[in-house]
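Content type compact mmCIF, C-alpha atoms, from the file run-v6.txt:
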# COMPACT_ATOMS: atom_id res chain seq x y z
CA MET A 11 -77.99 -10.97 56.64
CA ALA A 12 -76.19 -12.39 59.67
CA ALA A 13 -76.67 -10.73 63.05
CA HIS A 14 -73.05 -9.69 62.89
CA ASP A 15 -73.62 -7.88 59.60
CA ALA A 16 -76.83 -6.29 60.78
CA GLU A 17 -75.13 -4.90 63.87
CA PHE A 18 -72.26 -3.64 61.78
CA THR A 19 -74.60 -1.93 59.32
CA GLU A 20 -76.53 -0.32 62.14
CA TYR A 21 -73.37 0.92 63.79
CA TYR A 22 -72.10 2.30 60.47
CA ALA A 23 -75.38 4.11 59.89
CA THR A 24 -75.19 5.83 63.26
CA ARG A 25 -71.48 6.61 63.41
CA ALA A 26 -70.05 6.93 59.90
CA ALA A 27 -70.91 10.61 59.43
CA SER A 28 -69.30 11.56 62.71
CA VAL A 29 -66.20 9.50 61.97
CA ARG A 30 -65.94 11.15 58.58
CA SER A 31 -66.10 14.59 60.17
CA THR A 32 -63.19 13.67 62.40
CA ALA A 33 -61.31 12.31 59.42
CA TYR A 34 -62.01 15.50 57.48
CA LEU A 35 -60.58 17.62 60.27
CA LEU A 36 -57.46 15.50 60.12
CA CYS A 37 -56.94 15.50 56.37
CA GLY A 38 -59.01 18.39 54.99
CA ASP A 39 -60.27 16.49 52.00
CA TRP A 40 -63.60 14.70 51.74
CA HIS A 41 -62.31 12.00 49.43
CA THR A 42 -59.44 11.08 51.71
CA ALA A 43 -61.77 11.32 54.69
CA GLU A 44 -64.06 8.83 52.99
CA ASP A 45 -61.10 6.52 52.37
CA LEU A 46 -60.17 6.75 56.04
CA VAL A 47 -63.72 5.89 57.01
CA GLN A 48 -63.72 2.87 54.73
CA THR A 49 -60.38 1.70 56.10
CA THR A 50 -61.61 2.18 59.65
CA PHE A 51 -64.87 0.34 59.21
CA THR A 52 -63.24 -2.48 57.30
CA LYS A 53 -60.84 -2.99 60.19
CA LEU A 54 -63.73 -2.77 62.60
CA TYR A 55 -65.58 -5.46 60.67
CA LEU A 56 -62.54 -7.74 60.69
CA ALA A 57 -62.12 -7.22 64.41
CA TRP A 58 -65.82 -7.15 65.20
CA ASP A 59 -66.03 -10.10 67.54
CA ARG A 60 -63.01 -9.04 69.57
CA VAL A 61 -63.97 -5.38 69.71
CA HIS A 62 -67.60 -6.08 70.34
CA ALA A 63 -66.76 -8.25 73.25
CA HIS A 64 -63.85 -6.46 74.84
CA GLU A 65 -63.60 -2.84 73.83
CA ARG A 66 -65.80 0.10 73.48
CA MET A 67 -66.64 0.37 69.83
CA ASP A 68 -66.30 4.13 69.62
CA ALA A 69 -62.85 4.07 71.19
CA TYR A 70 -61.69 1.45 68.72
CA VAL A 71 -63.01 3.42 65.77
CA ARG A 72 -61.45 6.64 67.03
CA LYS A 73 -58.10 4.96 67.47
CA THR A 74 -58.29 3.32 64.07
CA VAL A 75 -59.16 6.45 62.13
CA ILE A 76 -56.34 8.41 63.79
CA ARG A 77 -53.82 5.68 63.12
CA ALA A 78 -55.05 5.25 59.57
CA PHE A 79 -54.51 8.97 59.05
CA ILE A 80 -50.99 8.87 60.48
CA ASP A 81 -50.22 5.78 58.45
CA LEU A 82 -51.50 7.50 55.34
CA ARG A 83 -49.13 10.38 55.95
CA ARG A 84 -46.18 8.02 55.82
CA ARG A 85 -46.99 6.70 52.43
CA PRO A 86 -45.64 8.08 49.21
CA TRP A 87 -48.93 8.82 47.56
CA ARG A 88 -49.56 11.44 50.25
CA ARG A 89 -48.25 13.94 47.72
CA GLU A 90 -50.41 12.81 44.90
CA VAL A 91 -53.01 15.03 43.33
CA PRO A 92 -56.50 15.01 44.77
CA SER A 93 -59.27 12.84 43.48
CA THR A 94 -62.08 13.75 41.19
CA GLY A 95 -65.57 14.52 42.29
CA GLN A 96 -64.76 15.93 45.68
CA THR A 97 -65.38 19.25 47.28
CA ALA A 98 -62.12 20.93 46.42
CA THR A 99 -61.20 22.77 49.56
CA GLY A 100 -57.98 22.65 51.53
CA GLU A 101 -56.70 19.35 50.19
CA TRP A 102 -53.64 19.23 52.35
CA THR A 103 -53.19 15.50 52.15
CA THR A 104 -51.87 16.07 48.68
CA VAL A 105 -48.91 18.08 49.79
CA SER A 106 -45.71 17.50 51.65
CA ALA A 107 -45.19 16.17 55.12
CA GLY A 108 -44.34 19.68 56.06
CA GLY A 109 -47.96 20.63 55.82
CA ALA A 110 -47.81 22.92 52.87
CA VAL A 111 -50.62 25.28 52.16
CA PRO A 112 -53.00 23.63 49.76
CA SER A 113 -53.17 24.77 46.21
CA GLY A 114 -55.85 24.42 43.62
CA PRO A 115 -59.44 25.50 43.35
CA GLU A 116 -61.16 26.88 46.39
CA THR A 117 -64.79 27.08 47.20
CA GLY A 118 -66.72 28.09 50.29
CA THR A 119 -66.39 31.13 52.43
CA GLU A 120 -63.17 33.04 52.77
CA ASP A 121 -63.11 32.42 56.51
CA ARG A 122 -63.36 28.73 56.00
CA VAL A 123 -60.50 28.71 53.54
CA VAL A 124 -58.42 30.67 56.04
CA LEU A 125 -59.22 28.14 58.73
CA LEU A 126 -58.44 25.23 56.47
CA ARG A 127 -55.10 26.71 55.58
CA ALA A 128 -54.32 27.45 59.20
CA LEU A 129 -55.13 23.88 60.15
CA ALA A 130 -53.06 22.61 57.24
CA ALA A 131 -50.06 24.42 58.63
CA VAL A 132 -50.24 22.47 61.89
CA PRO A 133 -48.08 19.32 61.65
CA PRO A 134 -50.12 16.11 61.38
CA ARG A 135 -49.45 14.68 64.83
CA GLN A 136 -50.16 18.02 66.51
CA ARG A 137 -53.32 18.24 64.43
CA ALA A 138 -54.29 14.75 65.55
CA VAL A 139 -53.82 15.79 69.18
CA LEU A 140 -55.93 18.90 68.70
CA VAL A 141 -58.70 16.94 67.02
CA LEU A 142 -58.71 14.28 69.72
CA ARG A 143 -58.52 16.67 72.65
CA TYR A 144 -60.73 19.51 71.49
CA TRP A 145 -63.10 17.94 68.98
CA GLU A 146 -63.51 14.43 70.28
CA ASP A 147 -63.02 15.50 73.93
CA VAL A 148 -60.68 12.60 74.56
CA SER A 149 -58.65 12.70 77.78
CA GLU A 150 -54.89 13.22 77.75
CA ALA A 151 -54.34 9.65 78.86
CA ALA A 152 -56.57 8.21 76.14
CA THR A 153 -54.98 10.47 73.53
CA ALA A 154 -51.57 9.24 74.61
CA GLU A 155 -52.72 5.65 74.26
CA ILE A 156 -54.11 6.27 70.78
CA LEU A 157 -50.96 8.00 69.60
CA ASN A 158 -48.69 5.58 71.42
CA CYS A 159 -46.86 8.28 73.33
CA SER A 160 -46.71 9.70 76.86
CA THR A 161 -49.19 12.16 78.36
CA GLY A 162 -46.33 14.64 78.55
CA THR A 163 -45.92 14.41 74.81
CA VAL A 164 -49.65 14.91 74.36
CA LYS A 165 -49.48 18.07 76.47
CA SER A 166 -46.52 19.46 74.58
CA GLN A 167 -47.99 18.55 71.19
CA ALA A 168 -51.27 20.18 72.15
CA ALA A 169 -49.50 23.34 73.28
CA ARG A 170 -47.43 23.50 70.11
CA GLY A 171 -50.43 22.73 67.95
CA LEU A 172 -52.45 25.52 69.55
CA ALA A 173 -49.54 27.91 69.20
CA ASN A 174 -49.14 27.02 65.56
CA LEU A 175 -52.84 27.40 64.91
CA ARG A 176 -52.97 30.76 66.63
CA ALA A 177 -49.88 31.96 64.84
CA GLN A 178 -51.52 31.10 61.55
CA LEU A 179 -54.65 32.97 62.54
CA SER A 180 -52.96 35.91 64.25
CA HIS A 181 -53.46 38.13 61.24
CA VAL A 182 -57.15 37.37 61.06
CA GLU A 183 -59.20 39.72 63.16
CA ALA A 184 -61.97 37.25 63.83
CA PHE A 185 -59.66 34.69 65.41
CA ARG A 186 -57.37 36.83 67.53
CA MET B 1 -60.71 25.49 74.46
CA THR B 2 -64.05 26.24 72.97
CA ASP B 3 -62.41 28.53 70.45
CA VAL B 4 -60.63 25.53 68.93
CA LYS B 5 -63.86 23.61 68.85
CA GLN B 6 -65.53 26.56 67.14
CA ILE B 7 -62.78 26.58 64.55
CA PHE B 8 -63.37 22.90 63.89
CA GLN B 9 -67.10 23.48 63.65
CA ARG B 10 -66.59 26.24 61.12
CA VAL B 11 -64.25 24.06 59.09
CA LEU B 12 -66.99 21.44 58.96
CA ASP B 13 -69.65 23.99 58.15
CA THR B 14 -69.90 22.98 54.53
CA PRO B 15 -72.09 20.55 52.62
CA ALA B 16 -70.41 17.16 52.61
CA PRO B 17 -70.74 14.68 49.77
CA PRO B 18 -73.02 11.70 50.41
CA LEU B 19 -71.63 8.94 52.56
CA THR B 20 -70.88 5.58 51.03
CA PRO B 21 -74.01 3.46 51.62
CA ALA B 22 -73.82 0.99 54.46
CA VAL B 23 -74.39 -1.95 52.13
CA THR B 24 -71.38 -0.94 50.03
CA THR B 25 -69.18 -0.63 53.09
CA LEU B 26 -70.42 -3.99 54.29
CA ALA B 27 -69.61 -5.56 50.92
CA VAL B 28 -66.08 -4.11 51.02
CA ALA B 29 -65.59 -5.38 54.55
CA ARG B 30 -66.83 -8.84 53.61
CA ARG B 31 -64.42 -8.99 50.69
CA ALA B 32 -61.60 -7.99 53.03
CA ARG B 33 -62.54 -10.80 55.37
CA GLN B 34 -62.70 -13.28 52.53
CA ARG B 35 -59.34 -12.09 51.23
CA ARG B 36 -57.79 -12.46 54.66
CA ARG B 37 -59.04 -16.03 54.88
CA THR B 38 -57.75 -16.86 51.42
CA LEU B 39 -54.40 -15.27 52.08
CA THR B 40 -53.91 -17.01 55.37
CA ILE B 41 -54.02 -20.27 53.48
CA ALA B 42 -51.91 -18.94 50.60
CA ALA B 43 -49.30 -17.47 52.93
CA SER B 44 -48.74 -20.74 54.70
CA CYS B 45 -48.25 -22.52 51.37
CA GLY B 46 -46.08 -19.69 50.08
CA ALA B 47 -43.81 -19.66 53.09
CA ALA B 48 -42.93 -23.27 52.48
CA ALA B 49 -42.28 -22.62 48.80
CA ILE B 50 -40.10 -19.62 49.59
CA ALA B 51 -38.06 -21.56 52.07
CA VAL B 52 -37.31 -24.20 49.49
CA ALA B 53 -36.54 -21.66 46.79
CA ALA B 54 -34.27 -19.69 49.12
CA VAL B 55 -32.07 -22.72 49.55
CA LEU B 56 -31.88 -23.33 45.82
CA ALA B 57 -31.39 -19.77 44.62
CA GLY B 58 -28.06 -18.07 44.46
CA PRO B 59 -27.38 -14.50 45.44
CA VAL B 60 -28.64 -11.89 43.06
CA MET B 61 -26.50 -8.89 42.55
CA LEU B 62 -28.49 -5.75 42.19
CA ARG B 63 -27.27 -2.89 40.19
CA SER B 64 -26.85 0.31 42.08
CA ASN B 65 -27.26 3.80 40.79
CA ALA B 66 -26.71 6.00 43.75
CA GLY B 67 -25.74 8.96 41.62
CA GLY B 68 -29.33 10.13 41.51
CA VAL B 69 -29.43 11.44 37.96
CA VAL B 70 -30.86 9.26 35.31
CA ASP B 71 -29.63 9.42 31.78
CA VAL B 72 -31.08 12.47 30.09
CA GLY B 73 -31.38 11.30 26.55
CA ASP B 74 -33.92 11.44 23.85
CA PRO B 75 -37.42 11.51 25.33
CA SER B 76 -38.79 10.19 22.07
CA ILE B 77 -37.43 6.81 23.03
CA GLY B 78 -40.70 6.57 24.89
CA PRO B 79 -41.93 5.08 28.09
CA THR B 80 -40.57 1.59 28.05
CA VAL B 81 -38.59 -0.28 30.61
CA ASN B 82 -34.86 -0.34 30.15
CA PRO B 83 -34.31 -3.55 28.18
CA THR B 84 -31.44 -4.61 30.39
CA VAL B 85 -33.85 -4.60 33.28
CA ALA B 86 -36.77 -6.13 31.48
CA THR B 87 -34.75 -9.21 30.61
CA GLN B 88 -33.80 -10.16 34.13
CA PRO B 89 -33.76 -13.84 35.03
CA PRO B 90 -36.87 -15.48 36.47
CA PRO B 91 -37.87 -14.65 40.04
CA THR B 92 -35.55 -15.79 42.74
CA THR B 93 -36.16 -15.57 46.42
CA ASP B 94 -32.72 -14.92 47.74
CA PRO B 95 -33.19 -13.98 51.39
CA THR B 96 -30.23 -11.60 51.45
CA PRO B 97 -30.24 -9.75 48.15
CA THR B 98 -27.83 -7.02 49.05
CA GLY B 99 -26.92 -7.74 52.61
CA THR B 100 -23.85 -9.29 54.03
CA ALA B 101 -23.59 -12.39 56.13
CA THR B 102 -23.27 -10.26 59.25
CA ALA B 103 -26.05 -7.77 58.54
CA SER B 104 -28.93 -7.72 61.01
CA PRO B 105 -32.46 -8.39 59.75
CA ASP B 106 -33.22 -4.66 60.04
CA ASP B 107 -30.12 -3.80 58.05
CA GLN B 108 -31.00 -6.36 55.42
CA ALA B 109 -34.51 -4.98 55.13
CA ALA B 110 -33.21 -1.43 54.75
CA GLN B 111 -30.66 -2.58 52.21
CA HIS B 112 -33.36 -4.31 50.24
CA ALA B 113 -35.49 -1.16 50.20
CA GLN B 114 -32.47 0.82 49.01
CA ALA B 115 -31.78 -1.80 46.35
CA MET B 116 -35.38 -1.43 45.20
CA LEU B 117 -34.87 2.31 44.82
CA ASP B 118 -31.65 1.79 42.91
CA LEU B 119 -33.38 -0.71 40.66
CA LEU B 120 -36.30 1.64 40.10
CA ILE B 121 -33.99 4.46 39.09
CA ALA B 122 -32.01 2.16 36.84
CA SER B 123 -35.27 1.02 35.21
CA LEU B 124 -36.37 4.48 34.15
CA PRO B 125 -36.38 5.09 30.44
CA SER B 126 -33.93 7.64 29.11
CA GLY B 127 -35.03 11.23 28.90
CA TYR B 128 -36.04 11.57 32.54
CA THR B 129 -34.28 12.92 35.59
CA VAL B 130 -34.63 12.12 39.25
CA PRO B 131 -33.77 14.32 42.22
CA GLU B 132 -30.23 14.32 43.52
CA THR B 133 -31.33 14.58 47.15
CA ASP B 134 -33.89 12.77 49.27
CA THR B 135 -35.57 15.95 50.48
CA ALA B 136 -35.97 19.52 49.38
CA THR B 137 -37.49 22.74 50.59
CA CYS B 138 -40.79 23.21 48.84
CA PRO B 139 -42.95 26.33 48.94
CA GLY B 140 -45.01 25.02 51.84
CA GLY B 141 -42.28 23.28 53.81
CA PRO B 142 -39.94 20.34 53.50
CA CYS B 143 -40.89 17.65 51.03
CA GLN B 144 -39.56 14.20 50.38
CA LEU B 145 -38.44 13.56 46.84
CA ARG B 146 -37.29 9.97 47.07
CA PHE B 147 -37.52 7.32 49.73
CA ALA B 148 -36.50 3.78 50.59
CA GLU B 149 -38.04 2.30 53.71
CA ALA B 150 -38.72 -1.10 55.23
CA SER B 151 -40.97 -1.66 58.19
CA PRO B 152 -42.89 -4.47 59.88
CA LEU B 153 -46.56 -4.51 58.94
CA ASP B 154 -49.34 -6.82 60.13
CA GLY B 155 -46.87 -9.48 61.18
CA GLY B 156 -45.03 -9.30 57.86
CA MET B 157 -42.78 -6.80 56.14
CA TYR B 158 -43.48 -3.83 53.96
CA TYR B 159 -40.78 -2.51 51.63
CA LEU B 160 -41.25 0.82 49.93
CA ALA B 161 -39.12 2.74 47.49
CA GLY B 162 -39.96 5.63 45.23
CA THR B 163 -38.76 8.75 43.59
CA ASP B 164 -39.98 11.83 41.85
CA VAL B 165 -39.31 11.70 38.13
CA TYR B 166 -39.06 14.81 36.01
CA ARG B 167 -39.09 15.64 32.34
CA GLY B 168 -39.14 19.28 31.40
CA ASP B 169 -41.81 20.97 33.50
CA ALA B 170 -43.69 17.72 34.15
CA GLY B 171 -43.36 15.37 37.10
CA SER B 172 -44.51 12.00 38.38
CA VAL B 173 -43.81 10.00 41.46
CA VAL B 174 -42.98 6.38 40.70
CA SER B 175 -42.84 3.92 43.54
CA LEU B 176 -42.60 0.26 44.38
CA ASP B 177 -44.29 -1.53 47.26
CA VAL B 178 -43.40 -5.05 48.26
CA TYR B 179 -45.63 -6.72 50.83
CA VAL B 180 -44.40 -9.91 52.43
CA GLY B 181 -46.91 -11.77 54.57
CA THR B 182 -49.08 -8.73 55.32
CA SER B 183 -52.80 -8.17 55.09
CA GLU B 184 -52.21 -6.19 51.89
CA LEU B 185 -51.41 -9.32 49.88
CA LEU B 186 -53.33 -9.98 46.70
CA PRO B 187 -54.48 -13.47 45.84
CA VAL B 188 -52.49 -15.37 43.23
CA LEU B 189 -54.90 -15.77 40.34
CA ASP B 190 -54.62 -16.88 36.73
CA HIS B 191 -56.75 -13.88 35.87
CA PRO B 192 -55.82 -11.18 38.38
CA CYS B 193 -58.44 -8.78 37.03
CA ASP B 194 -61.01 -11.17 38.48
CA GLY B 195 -59.59 -10.38 41.91
CA PRO B 196 -59.32 -7.16 43.88
CA ALA B 197 -56.95 -4.26 43.41
CA VAL B 198 -54.56 -3.29 46.18
CA ARG B 199 -56.51 -1.95 49.11
CA HIS B 200 -55.25 1.62 48.97
CA GLN B 201 -56.28 1.98 45.34
CA SER B 202 -59.42 4.01 45.85
CA SER B 203 -60.90 3.21 42.45
CA ASP B 204 -60.02 0.59 39.91
CA GLU B 205 -60.60 1.14 36.22
CA GLY B 206 -59.36 -0.25 32.93
CA CYS B 207 -57.92 -3.44 34.36
CA GLN B 208 -55.60 -5.32 32.01
CA GLU B 209 -53.78 -8.60 32.49
CA ILE B 210 -50.31 -8.25 31.03
CA THR B 211 -47.89 -11.10 30.67
CA THR B 212 -44.39 -9.90 31.42
CA SER B 213 -41.05 -11.11 30.13
CA THR B 214 -40.59 -13.14 33.32
CA GLY B 215 -43.82 -14.99 32.64
CA ALA B 216 -45.58 -13.36 35.56
CA VAL B 217 -49.01 -11.93 34.83
CA ALA B 218 -49.42 -8.40 36.09
CA ARG B 219 -52.68 -6.72 36.98
CA VAL B 220 -52.55 -3.20 35.54
CA SER B 221 -55.25 -0.61 36.16
CA TYR B 222 -55.65 3.01 37.12
CA ALA B 223 -57.46 5.32 39.47
CA PRO B 224 -58.69 8.56 37.88
CA LYS B 225 -57.68 11.76 39.62
CA THR B 226 -58.33 15.41 38.98
CA ALA B 227 -55.09 16.10 37.18
CA GLY B 228 -54.44 12.67 35.73
CA ARG B 229 -54.41 9.00 36.49
CA ILE B 230 -52.56 6.96 39.05
CA TYR B 231 -51.43 3.75 37.39
CA TYR B 232 -50.98 0.53 39.30
CA ALA B 233 -49.33 -2.71 38.24
CA SER B 234 -49.33 -5.56 40.71
CA VAL B 235 -47.83 -9.02 40.60
CA ALA B 236 -48.93 -11.53 43.22
CA TYR B 237 -46.76 -14.41 44.35
CA PRO B 238 -47.57 -16.78 47.19
CA GLY B 239 -47.04 -14.71 50.31
CA ILE B 240 -45.67 -11.70 48.41
CA THR B 241 -47.29 -8.91 46.43
CA VAL B 242 -45.35 -6.35 44.40
CA VAL B 243 -46.98 -3.12 43.31
CA ALA B 244 -45.49 -0.57 40.93
CA ARG B 245 -47.25 2.76 40.82
CA GLU B 246 -46.97 5.98 38.90
CA ALA B 247 -48.86 9.07 40.01
CA PRO B 248 -48.90 12.73 39.07
CA LEU B 249 -47.08 14.92 41.55
CA GLY B 250 -48.97 17.42 43.63
CA GLY B 251 -48.93 21.08 42.86
CA MET B 252 -46.30 22.17 45.35
CA LEU B 253 -43.50 21.97 42.83
CA GLN B 254 -45.66 23.63 40.19
CA LEU B 255 -45.10 20.71 37.86
CA SER B 256 -47.53 19.66 35.19
CA VAL B 257 -48.74 16.13 34.68
CA MET B 258 -46.44 13.79 32.76
CA ASP B 259 -48.15 13.02 29.47
CA PRO B 260 -47.56 10.34 28.39
CA PRO B 261 -46.62 8.77 31.71
CA VAL B 262 -43.11 7.52 32.34
CA PHE B 263 -44.21 3.91 32.02
CA ASP B 264 -46.77 2.57 29.62
CA PRO B 265 -48.88 -0.38 30.89
CA GLN B 266 -46.39 -2.97 29.64
CA GLY B 267 -43.48 -1.02 31.14
CA LEU B 268 -45.17 -0.70 34.52
CA ALA B 269 -46.02 -4.39 34.44
CA GLU B 270 -42.40 -5.27 33.67
CA LEU B 271 -41.28 -3.08 36.54
CA ALA B 272 -43.61 -4.83 38.99
CA ALA B 273 -42.42 -8.21 37.76
CA LEU B 274 -38.71 -7.59 38.27
CA PRO B 275 -37.46 -10.63 40.16
CA GLU B 276 -34.91 -8.59 42.10
CA LEU B 277 -37.73 -6.89 43.96
CA LEU B 278 -38.48 -10.07 45.86
CA PRO B 279 -36.76 -10.00 49.24

Let me see whether you can do it: turn the structure in this file into structure tokens.
Amino acid sequence: MAAHDAEFTEYYATRAASVRSTAYLLCGDWHTAEDLVQTTFTKLYLAWDRVHAHERMDAYVRKTVIRAFIDLRRRPWRREVPSTGQTATGEWTTVSAGGAVPSGPETGTEDRVVLLRALAAVPPRQRAVLVLRYWEDVSEAATAEILNCSTGTVKSQAARGLANLRAQLSHVEAFR
Amino acid sequence: MTDVKQIFQRVLDTPAPPLTPAVTTLAVARRARQRRRTLTIAASCGAAAIAVAAVLAGPVMLRSNAGGVVDVGDPSIGPTVNPTVATQPPPTTDPTPTGTATASPDDQAAQHAQAMLDLLIASLPSGYTVPETDTATCPGGPCQLRFAEASPLDGGMYYLAGTDVYRGDAGSVVSLDVYVGTSELLPVLDHPCDGPAVRHQSSDEGCQEITTSTGAVARVSYAPKTAGRIYYASVAYPGITVVAREAPLGGMLQLSVMDPPVFDPQGLAELAALPELLP
């Protein structure tokens, strides 16, 4: 195995689970999250020399997974039915761009389903901002760069996203 | 905003399926690199061929069906491509299929995407309907029922057109993707099943090589899903890949899965091979 491949494999082993968690928060479906991880790491591999030399690897991966998610949302198969063999919870990538509440079988705790549905109701770009800012702890400036928008837009999207999330959870005692 | 972080942590507080092994991911990435190298060579050859063909080919008039409702006839006719469509002339590479001499490149691209949608609707077998509007209000919010878009992608162009298709209480979404000079291109192979499926096809099963009425060989396969299969038919030309796809609709419209699908394998292959889809 070339040094390049060994480094890539090592990086994947250390980071893939974390990247998949981020992807899952974005899309709410393990299968789609796995697809986003594969897309992200394939792009990383193709850009390895450039990224390895000039950019922080984690920042590149974060940017790629977010953009892959947003790109996925634009495509027509975003409304297709979910895949087989996955944990069937909150599969909101299978519904409309409007962020419809997921349908289908549900497993897991009731609270978790409530949270998944609340998150599903937050529009995708607002959700991406929330995940970047409050899960990945990315700065406003870096979030703006990833989403190709201004810091003002990041602030407003974050505020709207939080408001939407809270509105969805307002009827749930535990999250008031 | 620790409360938000706590919400995220609780969302993730569930057993996750096993990750794809590193060696598998590495193999996928290597194939992608190999494909990029192959396509770089193919695209340069293809661009020259297209330029020559564009000079030789005459304008192709595309049929338009902007009315939005497909003939509702006898469903027993079955899922075959409209014969008038399936017997189109061999591929041409007219650079301005529906545009005018004064249309900007953006306008021409948008017109081509719209022409693809019109062609797709015209290609549907009888017995099916399509939505009359592009969007609708679904139970969970707005949803897009049909679409025609063109956008730059990876230094090339990506054309996309699709529509929901209904029959009784069943629904599918049928769409067409045309990639011109992008990283999504498939290699031109005598036996396309020996090569990869389109990148976004998460799994690839039952691959068939189907010779279409234009002579093009389509790669037809499917990805299994919970409620049915997503069928893919792709035709690769130098520098251009066309993909026709039929998928079950999600549950938001409370539609059941179309069985049998709108297009059988031959029909989907014929759709992907329509020469008018080439920009």

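Distances from A:Ala177, A:Ala131, A:Cys37, A:Ala13 to chain B were compared using all atoms listed in the file, and the smallest one belongs to A:Ala131.
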
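Neighbours of stretch 55-61 of chain A closer than or equal to 10 Å, with only C-alpha atoms counted and sequence neighbours fewer than 4 positions away skipped, come out as A:His14, A:Asp15, A:Glu17, A:Phe18, A:Thr19, A:Thr49, A:Thr50, A:Phe51, A:Glu65, A:Arg66, A:Met67, A:Asp68, A:Ala69, A:Tyr70, A:Val71, B:Thr25, B:Leu26, B:Val28, B:Ala29, B:Arg30, B:Ala32, B:Arg33, B:Gln34, B:Arg36.
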
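Put simply, atom CA of B:Thr129 is 12.5 Å away from atom CA of B:Met258.
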
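With all atoms listed in the file as the atoms that count, the residue of B:Val220, B:Ala161, B:Leu120, B:Leu186 with the shortest distance to chain A is B:Ala161.
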
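Computed from the coordinates, the atom CA of B:Cys207 to atom CA of B:Val130 distance equals 28.4 Å.
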
So which one's closest to chain B, A:Lys165, A:Arg135, A:His62, A:His41? Using all atoms listed in the file, please. A:His41

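Closest approach to B:Cys193 from the set B:Thr24, B:Thr212, B:Ser221, B:Ser175 is made by B:Ser221, with distances taken over only C-alpha atoms.
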
Which distance in Å separates atom CA of B:Asp118 and atom CA of B:Asp154, to one decimal? 26.1 Å

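Counting only C-alpha atoms, the residue from B:Ser151, B:Thr133, B:Gln9, B:Ser213 that sits nearest to B:Val180 is B:Ser151.
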
Padding 4 Å on each side, edges along x, y and z: where is the centre of the box around the listed atoms of stretch 3-16 of chain B, and how long are its edges in Å to one decimal? Output it as lines of an AutoDock Vina configuration file.
center_x = -66.4
center_y = 22.8
center_z = 61.5
size_x = 19.5
size_y = 19.4
size_z = 25.8

Taking 5 positions as the minimum chain separation for residues in the same chain, which residues sit within 8 Å of A:Glu44 when counting all atoms listed in the file? Answer as a PyMOL selection string. (chain A and resi 30+33) or (chain B and resi 19-20)

Restricting the calculation to all atoms listed in the file: of B:Asp190, B:Glu246, B:Glu132, B:Asp204, which residue gets closest to chain A? B:Glu246

Just the residues within 12 Å of A:Val75, please, counting all atoms listed in the file, with nothing from its chain fewer than 6 positions along; format it as a PyMOL selection string. chain A and resi 26+28-37+42-54+68-69+81-82+138+141-142+156-157
